[in-house]
$ cat work02.cif   # mmCIF, C-alpha atoms
data_upload
loop_
_atom_site.label_atom_id
_atom_site.label_comp_id
_atom_site.auth_asym_id
_atom_site.auth_seq_id
_atom_site.Cartn_x
_atom_site.Cartn_y
_atom_site.Cartn_z
CA MET A 25 -16.26 3.36 2.05
CA ALA A 26 -13.56 5.53 3.70
CA LEU A 27 -13.09 9.19 2.93
CA GLY A 28 -9.96 11.28 3.44
CA GLU A 29 -9.16 14.90 2.63
CA LEU A 30 -7.85 14.07 -0.86
CA VAL A 31 -8.92 10.46 -1.48
CA LYS A 32 -11.78 8.01 -1.26
CA LEU A 33 -11.18 4.28 -0.81
CA ARG A 34 -13.35 2.14 -3.09
CA ALA A 35 -13.45 -1.02 -5.22
CA MET A 36 -10.39 -1.76 -7.36
CA ASP A 37 -10.33 -1.72 -11.18
CA ALA A 38 -8.46 -4.46 -13.12
CA GLU A 39 -7.36 -2.30 -16.04
CA ALA A 40 -5.77 0.32 -13.78
CA LEU A 41 -4.03 -2.36 -11.71
CA TRP A 42 -2.72 -4.02 -14.87
CA ARG A 43 -1.46 -0.69 -16.24
CA TRP A 44 0.37 0.20 -13.01
CA ASN A 45 1.88 -3.27 -12.69
CA HIS A 46 3.44 -2.83 -16.14
CA ASP A 47 5.07 0.50 -15.29
CA PRO A 48 8.66 -0.04 -14.04
CA GLU A 49 8.72 3.35 -12.32
CA VAL A 50 5.56 2.55 -10.33
CA MET A 51 6.83 -0.93 -9.42
CA ARG A 52 10.37 0.23 -8.54
CA TRP A 53 10.13 -0.55 -4.80
CA MET A 54 7.33 -3.12 -4.90
CA ASP A 55 7.64 -6.87 -4.50
CA ASP A 56 6.33 -7.80 -7.90
CA SER A 57 5.91 -11.03 -9.77
CA TYR A 58 5.81 -11.59 -13.48
CA ALA A 59 3.45 -9.24 -15.28
CA GLN A 60 0.11 -10.84 -16.07
CA PRO A 61 -2.24 -10.19 -19.02
CA VAL A 62 -5.17 -7.89 -18.21
CA ASP A 63 -7.70 -10.75 -18.43
CA ARG A 64 -5.78 -12.69 -15.77
CA VAL A 65 -5.72 -9.62 -13.50
CA ARG A 66 -9.47 -9.21 -14.05
CA THR A 67 -10.02 -12.90 -13.18
CA TRP A 68 -7.86 -12.57 -10.07
CA LEU A 69 -9.87 -9.57 -8.84
CA THR A 70 -13.17 -11.30 -9.60
CA ASP A 71 -12.23 -14.66 -8.07
CA ARG A 72 -10.44 -13.44 -4.96
CA PRO A 73 -12.44 -13.75 -1.76
CA ARG A 74 -14.54 -10.74 -0.85
CA ASN A 75 -12.98 -8.15 1.40
CA SER A 76 -12.90 -9.38 4.97
CA TYR A 77 -11.38 -8.48 8.30
CA GLY A 78 -8.23 -10.42 7.43
CA ASP A 79 -7.87 -9.31 3.81
CA LEU A 80 -8.99 -5.87 2.66
CA LEU A 81 -8.08 -4.58 -0.83
CA LEU A 82 -9.29 -1.18 -2.02
CA GLY A 83 -8.69 1.24 -4.84
CA VAL A 84 -7.66 4.83 -4.12
CA GLU A 85 -9.68 7.50 -5.93
CA ALA A 86 -8.67 11.17 -6.08
CA LEU A 87 -11.60 13.26 -4.83
CA ALA A 88 -10.62 16.20 -7.06
CA ASP A 89 -11.33 14.40 -10.33
CA GLY A 90 -12.65 10.89 -9.58
CA VAL A 91 -9.58 9.19 -11.09
CA LEU A 92 -8.43 5.85 -9.66
CA ILE A 93 -4.82 6.53 -8.65
CA GLY A 94 -3.70 3.64 -6.45
CA LEU A 95 -4.25 0.56 -4.37
CA VAL A 96 -4.16 -0.14 -0.64
CA THR A 97 -4.49 -3.31 1.43
CA LEU A 98 -4.78 -4.20 5.07
CA ARG A 99 -3.93 -7.88 5.24
CA ASP A 100 -3.19 -10.69 7.66
CA ALA A 101 -5.37 -9.12 10.37
CA GLU A 102 -6.47 -11.35 13.22
CA THR A 103 -9.15 -10.24 15.66
CA GLU A 104 -7.25 -11.77 18.60
CA LYS A 105 -4.14 -9.69 17.93
CA GLY A 106 -5.65 -6.56 16.38
CA ILE A 107 -2.66 -6.13 14.04
CA ALA A 108 -2.72 -5.81 10.24
CA THR A 109 -0.06 -5.31 7.56
CA LEU A 110 -0.37 -2.33 5.22
CA ASP A 111 0.55 -2.35 1.53
CA VAL A 112 0.01 0.77 -0.56
CA TYR A 113 1.09 2.23 -3.85
CA LEU A 114 0.02 5.02 -6.12
CA GLY A 115 0.10 4.12 -9.78
CA GLY A 116 -1.08 7.54 -10.94
CA LYS A 117 2.30 9.25 -11.25
CA ALA A 118 0.67 12.66 -11.83
CA TYR A 119 -0.43 12.47 -8.17
CA TRP A 120 3.01 11.73 -6.72
CA GLY A 121 4.47 14.32 -4.37
CA ARG A 122 1.14 16.07 -3.85
CA GLY A 123 0.03 14.56 -0.52
CA TYR A 124 -2.13 11.77 -1.93
CA ALA A 125 0.02 8.95 -0.53
CA THR A 126 0.03 10.48 2.94
CA ASP A 127 -3.74 10.99 2.85
CA THR A 128 -4.23 7.41 1.60
CA VAL A 129 -2.14 5.97 4.44
CA ARG A 130 -3.90 8.16 7.02
CA THR A 131 -7.35 7.26 5.65
CA VAL A 132 -6.81 3.50 5.57
CA CYS A 133 -5.18 3.51 9.03
CA ARG A 134 -8.07 5.54 10.45
CA TYR A 135 -10.46 3.00 8.91
CA GLY A 136 -8.41 0.15 10.42
CA PHE A 137 -8.36 1.69 13.90
CA GLU A 138 -11.94 2.98 14.01
CA ASP A 139 -13.93 0.47 11.96
CA MET A 140 -11.84 -2.69 12.27
CA ARG A 141 -10.75 -1.90 15.85
CA LEU A 142 -7.13 -2.65 15.11
CA HIS A 143 -4.52 -1.89 17.73
CA LYS A 144 -1.54 -1.68 15.35
CA VAL A 145 -0.69 -1.40 11.65
CA THR A 146 2.69 -2.62 10.41
CA LEU A 147 4.56 -2.43 7.11
CA THR A 148 7.91 -2.95 5.46
CA VAL A 149 9.54 -0.43 3.15
CA ALA A 150 12.80 -0.43 1.21
CA THR A 151 15.36 1.75 2.99
CA GLU A 152 15.99 3.60 -0.30
CA ASN A 153 12.30 4.44 -0.82
CA ARG A 154 12.51 7.85 0.83
CA ALA A 155 9.20 9.17 -0.52
CA ALA A 156 7.22 6.30 1.00
CA ARG A 157 9.07 6.52 4.32
CA LYS A 158 8.32 10.25 4.48
CA ALA A 159 4.58 9.63 3.92
CA TYR A 160 4.52 6.92 6.61
CA GLU A 161 6.37 9.10 9.11
CA LYS A 162 3.96 12.03 8.53
CA VAL A 163 1.10 9.76 9.60
CA GLY A 164 2.99 8.61 12.72
CA PHE A 165 4.72 5.36 11.73
CA VAL A 166 8.01 4.72 13.50
CA GLU A 167 10.92 2.51 12.49
CA GLU A 168 10.91 -0.69 14.53
CA GLY A 169 13.67 -2.68 12.88
CA ARG A 170 15.77 -3.37 9.82
CA LEU A 171 15.73 -6.49 7.66
CA ARG A 172 19.09 -6.79 5.96
CA GLN A 173 19.32 -7.47 2.22
CA VAL A 174 15.82 -8.91 1.73
CA PHE A 175 14.74 -6.97 -1.37
CA ARG A 176 16.40 -7.38 -4.75
CA ARG A 177 16.13 -4.84 -7.56
CA ASP A 178 18.36 -4.22 -10.57
CA GLY A 179 20.86 -6.86 -9.44
CA ARG A 180 21.34 -5.25 -6.00
CA TRP A 181 20.16 -6.25 -2.56
CA PHE A 182 18.45 -3.64 -0.38
CA ASP A 183 17.53 -3.55 3.28
CA MET A 184 13.94 -3.01 4.41
CA PHE A 185 12.70 -1.13 7.44
CA THR A 186 9.85 -2.53 9.49
CA MET A 187 7.60 0.26 10.70
CA GLY A 188 4.62 0.30 13.02
CA LEU A 189 1.80 2.60 14.04
CA LEU A 190 -0.30 2.18 17.19
CA ALA A 191 -3.89 3.40 17.23
CA ASP A 192 -3.14 6.31 19.56
CA GLU A 193 -0.18 7.49 17.42
CA LEU A 194 -2.15 8.27 14.25
CA ARG A 195 -1.62 11.89 13.15
#
$ encode --input "work02.cif" --output "structure tokens"
Amino acid sequence: MALGELVKLRAMDAEALWRWNHDPEVMRWMDDSYAQPVDRVRTWLTDRPRNSYGDLLLGVEALADGVLIGLVTLRDAETEKGIATLDVYLGGKAYWGRGYATDTVRTVCRYGFEDMRLHKVTLTVATENRAARKAYEKVGFVEEGRLRQVFRRDGRWFDMFTMGLLADELR
């Protein structure tokens, strides 16, 4: 589907998604619900509507070894507005800090701007999630606002930044 320097975006795998969703370190800054059994995750992936303009879900594969290392979505896109919301995470912890997240974000945004003809991609990120913010900023995302105490983890409330990237700002 979409090819970056380090990653390829492709269909998602239920077992990998289930494994990542059960890893507290991977899910640290994610809005997560109660962990589901692998058969329920498999059913969810099978039964969800096919990828469409408004709801795109893809797996992230490392080109170096063909391993599925993460998940990315562009959701809530409307053709009239040309804006979509990005969600991304890498579950393959061996790939953290090696440029894979940045390449994933760049690749999916390039796909959104070139193939979907989006004008803007938005996201929210916990203010404490410095690694994710750094990856977003490398691609060109800028902070647009702050949502106060909207994310709860470990009995504490955290703020979230809203960030945005316009098509002509992609680096």
$ closest_atom_pairs --input "work02.cif" --of "region 36-61 of chain A" --to "region 84-96 of chain A" --cutoff "9 Å" --atoms "all atoms listed in the file" --output "CSV"
residue,atom,partner,partner_atom,distance
A:Met36,CA,A:Leu95,CA,7.2
A:Asp37,CA,A:Leu92,CA,8.0
A:Ala40,CA,A:Leu92,CA,7.4
A:Leu41,CA,A:Leu95,CA,7.9
A:Trp44,CA,A:Gly94,CA,8.5
$ atom_distance --input "work02.cif" --atom1 "CA of Arg141 (chain A)" --atom2 "CA of Leu190 (chain A)"
11.3 Å
$ residues_around --input "work02.cif" --residues "Ser76 (chain A)" --least-positions-apart "4" --cutoff "10 Å" --atoms "only C-alpha atoms" --output "ChimeraX atom specification"
/A:80-81,98-99,101,140
$ resolve_selection --input "work02.cif" --expression "the PyMOL selection byres ((chain A and resi 53) around 9)" --output "PyMOL selection string"
chain A and resi 49-52+54-56+149-150+152-153+175+177
$ residues_around --input "work02.cif" --residues "region 178-187 of chain A" --least-positions-apart "3" --cutoff "7 Å" --atoms "all atoms listed in the file" --output "list in words"
Thr146, Leu147, Thr148, Val149, Ala150, Thr151, Phe165, Val166, Glu167, Glu168, Gly169, Arg170, Leu171, Arg172, Gln173, Val174 and Phe175 of chain A
$ residues_around --input "work02.cif" --residues "Arg195 (chain A)" --least-positions-apart "6" --cutoff "8 Å" --atoms "all atoms listed in the file" --output "ChimeraX atom specification"
/A:130,162-164
$ residues_around --input "work02.cif" --residues "Leu33 (chain A)" --least-positions-apart "2" --cutoff "7 Å" --atoms "only C-alpha atoms" --output "compact mmCIF listing (two decimals) with C-alpha atoms, keeping the file's coordinate frame"
# COMPACT_ATOMS: atom_id res chain seq x y z
CA MET A 25 -16.26 3.36 2.05
CA ALA A 26 -13.56 5.53 3.70
CA LEU A 27 -13.09 9.19 2.93
CA VAL A 31 -8.92 10.46 -1.48
CA LEU A 82 -9.29 -1.18 -2.02
CA GLY A 83 -8.69 1.24 -4.84
CA VAL A 84 -7.66 4.83 -4.12
CA GLU A 85 -9.68 7.50 -5.93
$ closest_residue --input "work02.cif" --among "A:Tyr77, A:Trp68, A:Tyr160, A:Trp42" --to "Thr126 (chain A)" --atoms "all atoms listed in the file"
A:Tyr160
$ resolve_selection --input "work02.cif" --expression "the PyMOL selection byres ((chain A and resi 61) around 10)" --output "PyMOL selection string"
chain A and resi 39+42-43+46+58-60+62-66
$ write_last_selection --input "work02.cif" --atoms "C-alpha atoms" --output "compact mmCIF listing (two decimals), keeping the file's coordinate frame"
# COMPACT_ATOMS: atom_id res chain seq x y z
CA GLU A 39 -7.36 -2.30 -16.04
CA TRP A 42 -2.72 -4.02 -14.87
CA ARG A 43 -1.46 -0.69 -16.24
CA HIS A 46 3.44 -2.83 -16.14
CA TYR A 58 5.81 -11.59 -13.48
CA ALA A 59 3.45 -9.24 -15.28
CA GLN A 60 0.11 -10.84 -16.07
CA VAL A 62 -5.17 -7.89 -18.21
CA ASP A 63 -7.70 -10.75 -18.43
CA ARG A 64 -5.78 -12.69 -15.77
CA VAL A 65 -5.72 -9.62 -13.50
CA ARG A 66 -9.47 -9.21 -14.05
$ build_atoms --input "work02.cif" --residues "region 109-123 of chain A" --atoms "N, CA, C and O atoms" --output "PDB file, keeping the file's coordinate frame"
ATOM      1  N   THR A 109      -1.187  -5.776   8.372  1.00  0.00           N
ATOM      2  CA  THR A 109      -0.060  -5.310   7.560  1.00  0.00           C
ATOM      3  C   THR A 109      -0.599  -4.443   6.428  1.00  0.00           C
ATOM      4  O   THR A 109      -1.552  -4.815   5.741  1.00  0.00           O
ATOM      5  N   LEU A 110       0.031  -3.297   6.235  1.00  0.00           N
ATOM      6  CA  LEU A 110      -0.370  -2.330   5.220  1.00  0.00           C
ATOM      7  C   LEU A 110       0.511  -2.463   3.982  1.00  0.00           C
ATOM      8  O   LEU A 110       1.729  -2.555   4.091  1.00  0.00           O
ATOM      9  N   ASP A 111      -0.126  -2.470   2.826  1.00  0.00           N
ATOM     10  CA  ASP A 111       0.550  -2.350   1.530  1.00  0.00           C
ATOM     11  C   ASP A 111      -0.151  -1.222   0.790  1.00  0.00           C
ATOM     12  O   ASP A 111      -1.378  -1.160   0.769  1.00  0.00           O
ATOM     13  N   VAL A 112       0.620  -0.340   0.160  1.00  0.00           N
ATOM     14  CA  VAL A 112       0.010   0.770  -0.560  1.00  0.00           C
ATOM     15  C   VAL A 112       0.927   1.182  -1.710  1.00  0.00           C
ATOM     16  O   VAL A 112       2.146   1.130  -1.584  1.00  0.00           O
ATOM     17  N   TYR A 113       0.327   1.533  -2.815  1.00  0.00           N
ATOM     18  CA  TYR A 113       1.090   2.230  -3.850  1.00  0.00           C
ATOM     19  C   TYR A 113       0.170   3.054  -4.720  1.00  0.00           C
ATOM     20  O   TYR A 113      -0.998   2.722  -4.901  1.00  0.00           O
ATOM     21  N   LEU A 114       0.735   4.150  -5.190  1.00  0.00           N
ATOM     22  CA  LEU A 114       0.020   5.020  -6.120  1.00  0.00           C
ATOM     23  C   LEU A 114       0.571   4.768  -7.516  1.00  0.00           C
ATOM     24  O   LEU A 114       1.756   4.959  -7.755  1.00  0.00           O
ATOM     25  N   GLY A 115      -0.303   4.353  -8.409  1.00  0.00           N
ATOM     26  CA  GLY A 115       0.100   4.120  -9.780  1.00  0.00           C
ATOM     27  C   GLY A 115      -0.054   5.351 -10.645  1.00  0.00           C
ATOM     28  O   GLY A 115       0.564   5.471 -11.698  1.00  0.00           O
ATOM     29  N   GLY A 116      -0.878   6.286 -10.204  1.00  0.00           N
ATOM     30  CA  GLY A 116      -1.080   7.540 -10.940  1.00  0.00           C
ATOM     31  C   GLY A 116       0.066   8.498 -10.660  1.00  0.00           C
ATOM     32  O   GLY A 116       0.033   9.241  -9.683  1.00  0.00           O
ATOM     33  N   LYS A 117       1.083   8.466 -11.506  1.00  0.00           N
ATOM     34  CA  LYS A 117       2.300   9.250 -11.250  1.00  0.00           C
ATOM     35  C   LYS A 117       2.048  10.754 -11.215  1.00  0.00           C
ATOM     36  O   LYS A 117       2.784  11.482 -10.551  1.00  0.00           O
ATOM     37  N   ALA A 118       1.000  11.231 -11.866  1.00  0.00           N
ATOM     38  CA  ALA A 118       0.670  12.660 -11.830  1.00  0.00           C
ATOM     39  C   ALA A 118       0.283  13.105 -10.415  1.00  0.00           C
ATOM     40  O   ALA A 118       0.275  14.300 -10.120  1.00  0.00           O
ATOM     41  N   TYR A 119      -0.001  12.158  -9.536  1.00  0.00           N
ATOM     42  CA  TYR A 119      -0.430  12.470  -8.170  1.00  0.00           C
ATOM     43  C   TYR A 119       0.703  12.305  -7.159  1.00  0.00           C
ATOM     44  O   TYR A 119       0.507  12.548  -5.977  1.00  0.00           O
ATOM     45  N   TRP A 120       1.869  11.894  -7.604  1.00  0.00           N
ATOM     46  CA  TRP A 120       3.010  11.730  -6.720  1.00  0.00           C
ATOM     47  C   TRP A 120       3.474  13.090  -6.201  1.00  0.00           C
ATOM     48  O   TRP A 120       3.447  14.095  -6.915  1.00  0.00           O
ATOM     49  N   GLY A 121       3.911  13.108  -4.957  1.00  0.00           N
ATOM     50  CA  GLY A 121       4.470  14.320  -4.370  1.00  0.00           C
ATOM     51  C   GLY A 121       3.465  15.410  -4.075  1.00  0.00           C
ATOM     52  O   GLY A 121       3.845  16.558  -3.841  1.00  0.00           O
ATOM     53  N   ARG A 122       2.187  15.058  -4.049  1.00  0.00           N
ATOM     54  CA  ARG A 122       1.140  16.070  -3.850  1.00  0.00           C
ATOM     55  C   ARG A 122       0.283  15.776  -2.607  1.00  0.00           C
ATOM     56  O   ARG A 122      -0.779  16.354  -2.457  1.00  0.00           O
ATOM     57  N   GLY A 123       0.742  14.856  -1.752  1.00  0.00           N
ATOM     58  CA  GLY A 123       0.030  14.560  -0.520  1.00  0.00           C
ATOM     59  C   GLY A 123      -0.968  13.419  -0.595  1.00  0.00           C
ATOM     60  O   GLY A 123      -1.570  13.043   0.412  1.00  0.00           O
TER      61      GLY A 123
END
